[in-house]
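Data block below; observations after.
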Amino acid sequence: MARVLIVDDEEHIIKGVKLVLEHDGMECDTAHDGQEALDKALSEDYDIILLDLMLPKIDGYEVCQRIREKSQVPIIMLTAKGDDMDKIMGLEYGADDYITKPFNVLEVRARVKAILRRTQHTEVPQETLESGDIRIDTDSRLLFIKGKEINLTSKEFEMLYLLVSHPGKVYSRDALLKEVWGEDFPGDARTVDVHIRRLREKIEPNPSEPKYVHTKWGLGYYYQK
């Protein structure tokens, strides 16, 4: 049974989302402000978190960032309608996906189930992948560069694993969306760009002159040994 934390300060949103997810057999916990959300996320085990951006006490950005310091649990941000900056910022702070308000609860259910299918049933082969300075332990989902552990989100890990597994192969942004987020992910190519930028900031000695993850202008991204 999947455990879901629903975080929103609007009770009718929580009730609607909780009703449809529990109907599918999921166990739902709730939080109504950022502090309550953070306390629960760091003390309980959840399979996915739905996190509103505009929250009392602590906003969703900070909650997401602080969760990411401790956990790689998938996070779906709930953002204001049409506010692209909210979406980009949510991804920058470590969210895996976003849904714009107002939304249909059936869309929420579809997104949640899509992410759970990938995280719970799609397994990366359990092995250690080594390439130059990089060592990826797919069993524990840890990355080491020159022996130093680097903390990645689940999507950053999956994207890097894919690139390192196929050195020199150029993946378009659409191909990365399909491989890492799944065919039913409705997001756009900016999602990939934001995750690549965050990944470079974590693994590259100089992100403006990448050593590992390179850009093939007009085509996509690739890993070079």
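Lettering and numbering for the structure tokens are positional, with chains as A, B, ... in the shown order, residues counted from 1 in each chain, and ligands counted from 1 in the shown order.
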
Among region 128-221 of chain A, which ones does DSSP place in helix (DSSP H, G or I), written as a PyMOL selection string?
chain A and resi 154-165+173-181+190-203

Please save C-alpha atoms of the selected residues as a PDB file, in the first residue's frame.
```pdb
ATOM      1  CA  SER A 154      15.613  10.302  -7.761  1.00  0.00           C
ATOM      2  CA  LYS A 155      15.206  11.925 -11.183  1.00  0.00           C
ATOM      3  CA  GLU A 156      18.770  13.284 -11.203  1.00  0.00           C
ATOM      4  CA  PHE A 157      20.033   9.800 -10.324  1.00  0.00           C
ATOM      5  CA  GLU A 158      17.992   8.083 -13.037  1.00  0.00           C
ATOM      6  CA  MET A 159      19.022  10.625 -15.652  1.00  0.00           C
ATOM      7  CA  LEU A 160      22.728  10.362 -14.808  1.00  0.00           C
ATOM      8  CA  TYR A 161      22.552   6.563 -14.724  1.00  0.00           C
ATOM      9  CA  LEU A 162      21.000   6.550 -18.196  1.00  0.00           C
ATOM     10  CA  LEU A 163      23.663   8.877 -19.630  1.00  0.00           C
ATOM     11  CA  VAL A 164      26.616   7.116 -17.985  1.00  0.00           C
ATOM     12  CA  SER A 165      25.272   3.734 -19.131  1.00  0.00           C
ATOM     13  CA  ARG A 173      15.159  16.358 -24.221  1.00  0.00           C
ATOM     14  CA  ASP A 174      12.068  14.492 -25.432  1.00  0.00           C
ATOM     15  CA  ALA A 175      13.944  11.181 -25.196  1.00  0.00           C
ATOM     16  CA  LEU A 176      15.056  11.962 -21.643  1.00  0.00           C
ATOM     17  CA  LEU A 177      11.500  12.877 -20.676  1.00  0.00           C
ATOM     18  CA  LYS A 178      10.280   9.557 -22.053  1.00  0.00           C
ATOM     19  CA  GLU A 179      13.046   7.451 -20.473  1.00  0.00           C
ATOM     20  CA  VAL A 180      13.180   9.110 -17.042  1.00  0.00           C
ATOM     21  CA  TRP A 181       9.687  10.541 -16.469  1.00  0.00           C
ATOM     22  CA  ARG A 190      12.170  22.734 -19.543  1.00  0.00           C
ATOM     23  CA  THR A 191      11.841  20.013 -16.924  1.00  0.00           C
ATOM     24  CA  VAL A 192      14.893  18.279 -18.423  1.00  0.00           C
ATOM     25  CA  ASP A 193      16.875  21.525 -18.696  1.00  0.00           C
ATOM     26  CA  VAL A 194      16.273  22.368 -15.041  1.00  0.00           C
ATOM     27  CA  HIS A 195      17.297  18.886 -13.875  1.00  0.00           C
ATOM     28  CA  ILE A 196      20.415  18.919 -16.069  1.00  0.00           C
ATOM     29  CA  ARG A 197      21.395  22.296 -14.612  1.00  0.00           C
ATOM     30  CA  ARG A 198      20.867  21.055 -11.051  1.00  0.00           C
ATOM     31  CA  LEU A 199      22.777  17.863 -11.812  1.00  0.00           C
ATOM     32  CA  ARG A 200      25.730  19.822 -13.204  1.00  0.00           C
ATOM     33  CA  GLU A 201      25.803  22.062 -10.147  1.00  0.00           C
ATOM     34  CA  LYS A 202      26.215  18.963  -7.998  1.00  0.00           C
ATOM     35  CA  ILE A 203      28.703  16.906 -10.029  1.00  0.00           C
TER      36      ILE A 203
END
```

Contacts of region 3-20 of chain A within 10 Å, only C-alpha atoms, excl. fewer than 4 positions in-chain, as a PyMOL selection string
chain A and resi 24-34+36-38+40-41+44-56+60+75-78+102-109+112

Just N, CA and C atoms for this one: save the residues we selected as a compact mmCIF listing (two decimals), in the first residue's frame.
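Below is the file part25.txt, written as the result:
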```
# COMPACT_ATOMS: atom_id res chain seq x y z
N ASP A 24 -8.34 4.28 -4.49
CA ASP A 24 -7.40 3.40 -5.19
C ASP A 24 -6.55 2.57 -4.24
N GLY A 25 -6.87 2.62 -2.96
CA GLY A 25 -6.18 1.78 -2.00
C GLY A 25 -4.94 2.38 -1.38
N MET A 26 -4.72 3.68 -1.59
CA MET A 26 -3.55 4.33 -1.00
C MET A 26 -3.86 4.81 0.41
N GLU A 27 -2.84 4.86 1.22
CA GLU A 27 -2.97 5.39 2.58
C GLU A 27 -2.54 6.85 2.57
N CYS A 28 -3.42 7.76 2.97
CA CYS A 28 -3.16 9.19 2.87
C CYS A 28 -3.00 9.83 4.24
N ASP A 29 -1.95 10.61 4.39
CA ASP A 29 -1.74 11.46 5.55
C ASP A 29 -1.82 12.90 5.06
N THR A 30 -2.11 13.84 5.96
CA THR A 30 -2.30 15.22 5.53
C THR A 30 -1.54 16.19 6.42
N ALA A 31 -1.26 17.36 5.84
CA ALA A 31 -0.66 18.47 6.59
C ALA A 31 -1.22 19.76 6.02
N HIS A 32 -1.41 20.76 6.90
CA HIS A 32 -2.08 21.99 6.48
C HIS A 32 -1.17 23.21 6.48
N ASP A 33 0.06 23.06 6.90
CA ASP A 33 1.03 24.15 6.83
C ASP A 33 2.42 23.57 6.64
N GLY A 34 3.38 24.45 6.32
CA GLY A 34 4.71 23.98 5.98
C GLY A 34 5.44 23.31 7.12
N GLU A 36 4.13 21.63 9.72
CA GLU A 36 3.55 20.30 9.93
C GLU A 36 4.00 19.34 8.83
N ALA A 37 4.05 19.84 7.59
CA ALA A 37 4.49 19.01 6.47
C ALA A 37 5.93 18.56 6.67
N LEU A 38 6.79 19.48 7.05
CA LEU A 38 8.21 19.16 7.24
C LEU A 38 8.39 18.16 8.37
N LYS A 40 6.31 15.93 9.48
CA LYS A 40 5.85 14.60 9.08
C LYS A 40 6.77 13.97 8.03
N ALA A 41 7.20 14.77 7.06
CA ALA A 41 8.03 14.23 5.99
C ALA A 41 9.37 13.70 6.51
N GLU A 44 8.32 10.41 9.12
CA GLU A 44 7.55 9.28 8.61
C GLU A 44 8.10 8.86 7.24
N ASP A 45 7.72 7.65 6.82
CA ASP A 45 8.11 7.15 5.50
C ASP A 45 6.91 7.26 4.55
N TYR A 46 7.10 8.04 3.47
CA TYR A 46 6.06 8.18 2.46
C TYR A 46 6.61 7.74 1.11
N ASP A 47 5.71 7.29 0.24
CA ASP A 47 6.11 6.90 -1.11
C ASP A 47 6.05 8.07 -2.07
N ILE A 48 5.26 9.10 -1.72
CA ILE A 48 5.16 10.29 -2.56
C ILE A 48 4.54 11.42 -1.74
N ILE A 49 4.90 12.66 -2.07
CA ILE A 49 4.37 13.82 -1.36
C ILE A 49 3.77 14.79 -2.38
N LEU A 50 2.53 15.23 -2.12
CA LEU A 50 1.89 16.30 -2.88
C LEU A 50 2.03 17.57 -2.06
N LEU A 51 2.72 18.57 -2.61
CA LEU A 51 3.13 19.73 -1.81
C LEU A 51 2.70 21.04 -2.46
N ASP A 52 1.79 21.75 -1.79
CA ASP A 52 1.38 23.07 -2.25
C ASP A 52 2.52 24.06 -2.02
N LEU A 53 2.63 25.04 -2.91
CA LEU A 53 3.68 26.05 -2.77
C LEU A 53 3.34 27.11 -1.73
N MET A 54 2.11 27.60 -1.75
CA MET A 54 1.71 28.70 -0.88
C MET A 54 1.14 28.14 0.42
N LEU A 55 2.00 28.05 1.44
CA LEU A 55 1.62 27.46 2.71
C LEU A 55 1.89 28.42 3.86
N PRO A 56 1.10 28.34 4.94
CA PRO A 56 1.42 29.10 6.14
C PRO A 56 2.70 28.57 6.81
N GLY A 60 6.26 26.22 0.41
CA GLY A 60 6.56 24.93 -0.21
C GLY A 60 7.97 24.81 -0.74
N ILE A 75 8.33 14.14 -5.08
CA ILE A 75 7.51 15.28 -4.67
C ILE A 75 6.84 15.88 -5.90
N ILE A 76 5.51 16.03 -5.82
CA ILE A 76 4.75 16.73 -6.85
C ILE A 76 4.34 18.08 -6.28
N MET A 77 4.77 19.16 -6.91
CA MET A 77 4.40 20.50 -6.48
C MET A 77 3.03 20.88 -7.03
N LEU A 78 2.25 21.56 -6.22
CA LEU A 78 0.97 22.12 -6.64
C LEU A 78 1.16 23.62 -6.79
N PRO A 102 -6.34 25.59 -10.94
CA PRO A 102 -7.16 24.50 -10.40
C PRO A 102 -6.96 23.22 -11.21
N PHE A 103 -7.08 22.10 -10.57
CA PHE A 103 -6.85 20.84 -11.27
C PHE A 103 -8.01 19.88 -11.04
N ASN A 104 -8.08 18.88 -11.89
CA ASN A 104 -9.04 17.79 -11.74
C ASN A 104 -8.37 16.72 -10.88
N VAL A 105 -9.06 16.24 -9.86
CA VAL A 105 -8.45 15.24 -8.97
C VAL A 105 -8.08 13.97 -9.72
N LEU A 106 -8.74 13.71 -10.85
CA LEU A 106 -8.39 12.53 -11.64
C LEU A 106 -7.02 12.70 -12.29
N GLU A 107 -6.66 13.94 -12.61
CA GLU A 107 -5.32 14.21 -13.13
C GLU A 107 -4.28 13.95 -12.04
N VAL A 108 -4.60 14.37 -10.82
CA VAL A 108 -3.69 14.12 -9.70
C VAL A 108 -3.49 12.62 -9.52
N ARG A 109 -4.58 11.88 -9.54
CA ARG A 109 -4.48 10.43 -9.39
C ARG A 109 -3.60 9.83 -10.48
N VAL A 112 0.11 10.67 -9.77
CA VAL A 112 0.61 9.91 -8.62
C VAL A 112 0.87 8.47 -9.02
```

Residues within 12 Å of Asp86 (chain A), please, as an mmCIF file with all heavy atoms, in the first residue's frame. Count only C-alpha atoms; anything in the same chain fewer than 3 positions from it doesn't count.
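Produced file selection-v5.cif, reproduced below:
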```cif
data_model
loop_
_atom_site.group_PDB
_atom_site.id
_atom_site.type_symbol
_atom_site.label_atom_id
_atom_site.label_comp_id
_atom_site.auth_asym_id
_atom_site.auth_seq_id
_atom_site.Cartn_x
_atom_site.Cartn_y
_atom_site.Cartn_z
ATOM 1 N N ASP A 52 1.786 21.747 -1.789
ATOM 2 C CA ASP A 52 1.379 23.065 -2.251
ATOM 3 C C ASP A 52 2.522 24.061 -2.020
ATOM 4 O O ASP A 52 3.288 23.930 -1.061
ATOM 5 C CB ASP A 52 0.132 23.511 -1.494
ATOM 6 C CG ASP A 52 -0.451 24.804 -2.036
ATOM 7 O OD1 ASP A 52 -0.265 25.088 -3.237
ATOM 8 O OD2 ASP A 52 -1.087 25.541 -1.256
ATOM 9 N N LEU A 53 2.627 25.045 -2.913
ATOM 10 C CA LEU A 53 3.680 26.052 -2.765
ATOM 11 C C LEU A 53 3.336 27.111 -1.726
ATOM 12 O O LEU A 53 4.171 27.495 -0.911
ATOM 13 C CB LEU A 53 3.965 26.732 -4.107
ATOM 14 C CG LEU A 53 4.807 25.962 -5.104
ATOM 15 C CD1 LEU A 53 5.010 26.789 -6.362
ATOM 16 C CD2 LEU A 53 6.157 25.603 -4.492
ATOM 17 N N MET A 54 2.107 27.605 -1.754
ATOM 18 C CA MET A 54 1.711 28.703 -0.881
ATOM 19 C C MET A 54 1.141 28.144 0.416
ATOM 20 O O MET A 54 -0.028 27.788 0.500
ATOM 21 C CB MET A 54 0.693 29.595 -1.591
ATOM 22 C CG MET A 54 1.177 30.122 -2.933
ATOM 23 S SD MET A 54 2.735 31.058 -2.789
ATOM 24 C CE MET A 54 2.167 32.469 -1.842
ATOM 25 N N ASP A 59 6.975 28.155 3.425
ATOM 26 C CA ASP A 59 6.432 27.939 2.077
ATOM 27 C C ASP A 59 6.923 26.622 1.483
ATOM 28 O O ASP A 59 7.854 25.990 1.982
ATOM 29 C CB ASP A 59 6.738 29.122 1.153
ATOM 30 C CG ASP A 59 8.218 29.286 0.841
ATOM 31 O OD1 ASP A 59 8.927 28.279 0.683
ATOM 32 O OD2 ASP A 59 8.676 30.446 0.741
ATOM 33 N N GLY A 60 6.265 26.223 0.405
ATOM 34 C CA GLY A 60 6.560 24.934 -0.209
ATOM 35 C C GLY A 60 7.970 24.805 -0.741
ATOM 36 O O GLY A 60 8.542 23.713 -0.744
ATOM 37 N N TYR A 61 8.553 25.913 -1.206
ATOM 38 C CA TYR A 61 9.928 25.863 -1.699
ATOM 39 C C TYR A 61 10.879 25.389 -0.606
ATOM 40 O O TYR A 61 11.711 24.498 -0.804
ATOM 41 C CB TYR A 61 10.386 27.248 -2.180
ATOM 42 C CG TYR A 61 9.670 27.778 -3.382
ATOM 43 C CD1 TYR A 61 9.034 29.023 -3.339
ATOM 44 C CD2 TYR A 61 9.628 27.066 -4.578
ATOM 45 C CE1 TYR A 61 8.385 29.535 -4.448
ATOM 46 C CE2 TYR A 61 8.973 27.566 -5.689
ATOM 47 C CZ TYR A 61 8.353 28.801 -5.620
ATOM 48 O OH TYR A 61 7.707 29.306 -6.714
ATOM 49 N N MET A 77 4.770 19.160 -6.911
ATOM 50 C CA MET A 77 4.403 20.498 -6.480
ATOM 51 C C MET A 77 3.029 20.879 -7.028
ATOM 52 O O MET A 77 2.701 20.570 -8.174
ATOM 53 C CB MET A 77 5.428 21.519 -6.979
ATOM 54 C CG MET A 77 6.738 21.533 -6.203
ATOM 55 S SD MET A 77 6.519 22.299 -4.601
ATOM 56 C CE MET A 77 8.226 22.705 -4.213
ATOM 57 N N LEU A 78 2.249 21.563 -6.218
ATOM 58 C CA LEU A 78 0.967 22.119 -6.638
ATOM 59 C C LEU A 78 1.162 23.624 -6.791
ATOM 60 O O LEU A 78 1.443 24.320 -5.814
ATOM 61 C CB LEU A 78 -0.119 21.819 -5.599
ATOM 62 C CG LEU A 78 -0.260 20.340 -5.208
ATOM 63 C CD1 LEU A 78 -1.348 20.167 -4.155
ATOM 64 C CD2 LEU A 78 -0.566 19.484 -6.427
ATOM 65 N N THR A 79 1.057 24.133 -8.022
ATOM 66 C CA THR A 79 1.418 25.517 -8.305
ATOM 67 C C THR A 79 0.222 26.321 -8.821
ATOM 68 O O THR A 79 -0.774 25.761 -9.256
ATOM 69 C CB THR A 79 2.543 25.592 -9.362
ATOM 70 O OG1 THR A 79 2.000 25.236 -10.642
ATOM 71 C CG2 THR A 79 3.681 24.653 -9.028
ATOM 72 N N ALA A 80 0.377 27.640 -8.773
ATOM 73 C CA ALA A 80 -0.674 28.528 -9.272
ATOM 74 C C ALA A 80 -0.811 28.369 -10.782
ATOM 75 O O ALA A 80 0.161 28.128 -11.491
ATOM 76 C CB ALA A 80 -0.344 29.974 -8.919
ATOM 77 N N LYS A 81 -2.034 28.530 -11.276
ATOM 78 C CA LYS A 81 -2.304 28.364 -12.697
ATOM 79 C C LYS A 81 -1.508 29.360 -13.538
ATOM 80 O O LYS A 81 -1.516 30.561 -13.266
ATOM 81 C CB LYS A 81 -3.798 28.547 -12.985
ATOM 82 C CG LYS A 81 -4.152 28.351 -14.450
ATOM 83 C CD LYS A 81 -5.638 28.518 -14.689
ATOM 84 C CE LYS A 81 -5.980 28.324 -16.159
ATOM 85 N NZ LYS A 81 -7.421 28.499 -16.428
ATOM 86 N N GLY A 82 -0.799 28.862 -14.540
ATOM 87 C CA GLY A 82 -0.133 29.717 -15.514
ATOM 88 C C GLY A 82 1.133 30.380 -15.032
ATOM 89 O O GLY A 82 1.737 31.151 -15.767
ATOM 90 N N ASP A 83 1.549 30.108 -13.802
ATOM 91 C CA ASP A 83 2.756 30.763 -13.294
ATOM 92 C C ASP A 83 3.967 29.879 -13.590
ATOM 93 O O ASP A 83 4.327 29.003 -12.808
ATOM 94 C CB ASP A 83 2.634 31.013 -11.790
ATOM 95 C CG ASP A 83 3.688 31.982 -11.277
ATOM 96 O OD1 ASP A 83 4.756 32.086 -11.930
ATOM 97 O OD2 ASP A 83 3.450 32.627 -10.247
ATOM 98 N N MET A 89 10.850 27.132 -10.473
ATOM 99 C CA MET A 89 11.433 27.201 -9.136
ATOM 100 C C MET A 89 11.182 25.917 -8.358
ATOM 101 O O MET A 89 12.045 25.446 -7.608
ATOM 102 C CB MET A 89 10.854 28.395 -8.381
ATOM 103 C CG MET A 89 11.335 29.742 -8.882
ATOM 104 S SD MET A 89 13.112 29.979 -8.592
ATOM 105 C CE MET A 89 13.108 30.153 -6.806
ATOM 106 N N GLY A 90 9.986 25.343 -8.524
ATOM 107 C CA GLY A 90 9.705 24.087 -7.854
ATOM 108 C C GLY A 90 10.674 22.997 -8.259
ATOM 109 O O GLY A 90 11.191 22.246 -7.420
ATOM 110 N N LEU A 91 10.959 22.896 -9.544
ATOM 111 C CA LEU A 91 11.933 21.923 -10.032
ATOM 112 C C LEU A 91 13.332 22.239 -9.521
ATOM 113 O O LEU A 91 14.110 21.339 -9.195
ATOM 114 C CB LEU A 91 11.920 21.886 -11.560
ATOM 115 C CG LEU A 91 10.620 21.397 -12.203
ATOM 116 C CD1 LEU A 91 10.678 21.585 -13.707
ATOM 117 C CD2 LEU A 91 10.335 19.953 -11.849
ATOM 118 N N GLU A 92 13.672 23.523 -9.467
ATOM 119 C CA GLU A 92 14.984 23.933 -8.972
ATOM 120 C C GLU A 92 15.189 23.482 -7.523
ATOM 121 O O GLU A 92 16.289 23.119 -7.121
ATOM 122 C CB GLU A 92 15.145 25.451 -9.056
ATOM 123 C CG GLU A 92 15.272 26.003 -10.465
ATOM 124 C CD GLU A 92 16.681 25.875 -11.018
ATOM 125 O OE1 GLU A 92 17.513 25.208 -10.376
ATOM 126 O OE2 GLU A 92 16.940 26.436 -12.091
ATOM 127 N N TYR A 93 14.134 23.518 -6.737
ATOM 128 C CA TYR A 93 14.233 23.155 -5.326
ATOM 129 C C TYR A 93 14.134 21.649 -5.098
ATOM 130 O O TYR A 93 14.201 21.200 -3.963
ATOM 131 C CB TYR A 93 13.181 23.889 -4.514
ATOM 132 C CG TYR A 93 13.584 25.298 -4.140
ATOM 133 C CD1 TYR A 93 13.405 26.354 -5.032
ATOM 134 C CD2 TYR A 93 14.167 25.584 -2.909
ATOM 135 C CE1 TYR A 93 13.781 27.646 -4.703
ATOM 136 C CE2 TYR A 93 14.551 26.872 -2.570
ATOM 137 C CZ TYR A 93 14.351 27.903 -3.468
ATOM 138 O OH TYR A 93 14.729 29.188 -3.154
ATOM 139 N N ALA A 95 11.673 19.352 -6.761
ATOM 140 C CA ALA A 95 10.434 18.639 -7.079
ATOM 141 C C ALA A 95 10.625 17.764 -8.315
ATOM 142 O O ALA A 95 11.433 18.068 -9.189
ATOM 143 C CB ALA A 95 9.297 19.630 -7.315
ATOM 144 N N ASP A 97 7.841 16.750 -10.209
ATOM 145 C CA ASP A 97 6.755 17.034 -11.135
ATOM 146 C C ASP A 97 5.963 18.199 -10.565
ATOM 147 O O ASP A 97 6.183 18.630 -9.428
ATOM 148 C CB ASP A 97 5.873 15.787 -11.274
ATOM 149 C CG ASP A 97 4.921 15.851 -12.463
ATOM 150 O OD1 ASP A 97 4.935 16.869 -13.182
ATOM 151 O OD2 ASP A 97 4.161 14.889 -12.656
ATOM 152 N N TYR A 98 5.034 18.730 -11.350
ATOM 153 C CA TYR A 98 4.182 19.810 -10.874
ATOM 154 C C TYR A 98 2.801 19.677 -11.504
ATOM 155 O O TYR A 98 2.635 19.121 -12.594
ATOM 156 C CB TYR A 98 4.776 21.182 -11.201
ATOM 157 C CG TYR A 98 5.102 21.382 -12.663
ATOM 158 C CD1 TYR A 98 4.108 21.714 -13.586
ATOM 159 C CD2 TYR A 98 6.403 21.223 -13.128
ATOM 160 C CE1 TYR A 98 4.403 21.876 -14.924
ATOM 161 C CE2 TYR A 98 6.708 21.386 -14.470
ATOM 162 C CZ TYR A 98 5.701 21.709 -15.357
ATOM 163 O OH TYR A 98 5.991 21.873 -16.682
ATOM 164 N N ILE A 99 1.794 20.167 -10.785
ATOM 165 C CA ILE A 99 0.416 20.211 -11.278
ATOM 166 C C ILE A 99 -0.098 21.619 -11.002
ATOM 167 O O ILE A 99 0.083 22.144 -9.904
ATOM 168 C CB ILE A 99 -0.476 19.180 -10.566
ATOM 169 C CG1 ILE A 99 0.032 17.759 -10.821
ATOM 170 C CG2 ILE A 99 -1.920 19.310 -11.033
ATOM 171 C CD1 ILE A 99 -0.732 16.694 -10.061
ATOM 172 N N THR A 100 -0.723 22.229 -12.005
ATOM 173 C CA THR A 100 -1.214 23.591 -11.833
ATOM 174 C C THR A 100 -2.656 23.602 -11.326
ATOM 175 O O THR A 100 -3.473 22.780 -11.712
ATOM 176 C CB THR A 100 -1.145 24.375 -13.160
ATOM 177 O OG1 THR A 100 -1.895 23.671 -14.154
ATOM 178 C CG2 THR A 100 0.287 24.522 -13.620
ATOM 179 N N LYS A 101 -2.913 24.549 -10.430
ATOM 180 C CA LYS A 101 -4.272 24.764 -9.914
ATOM 181 C C LYS A 101 -5.018 25.740 -10.826
ATOM 182 O O LYS A 101 -4.409 26.660 -11.363
ATOM 183 C CB LYS A 101 -4.206 25.351 -8.504
ATOM 184 C CG LYS A 101 -3.664 24.420 -7.440
ATOM 185 C CD LYS A 101 -3.717 25.146 -6.096
ATOM 186 C CE LYS A 101 -3.293 24.230 -4.963
ATOM 187 N NZ LYS A 101 -3.395 24.919 -3.659
#
```

Tell me, which residues of region 24-196 of chain A carry DSSP strand (DSSP E), written as number ranges by chain?
A: 27-31, 48-52, 75-79, 97-100, 128-131, 134-137, 142-145, 148-150
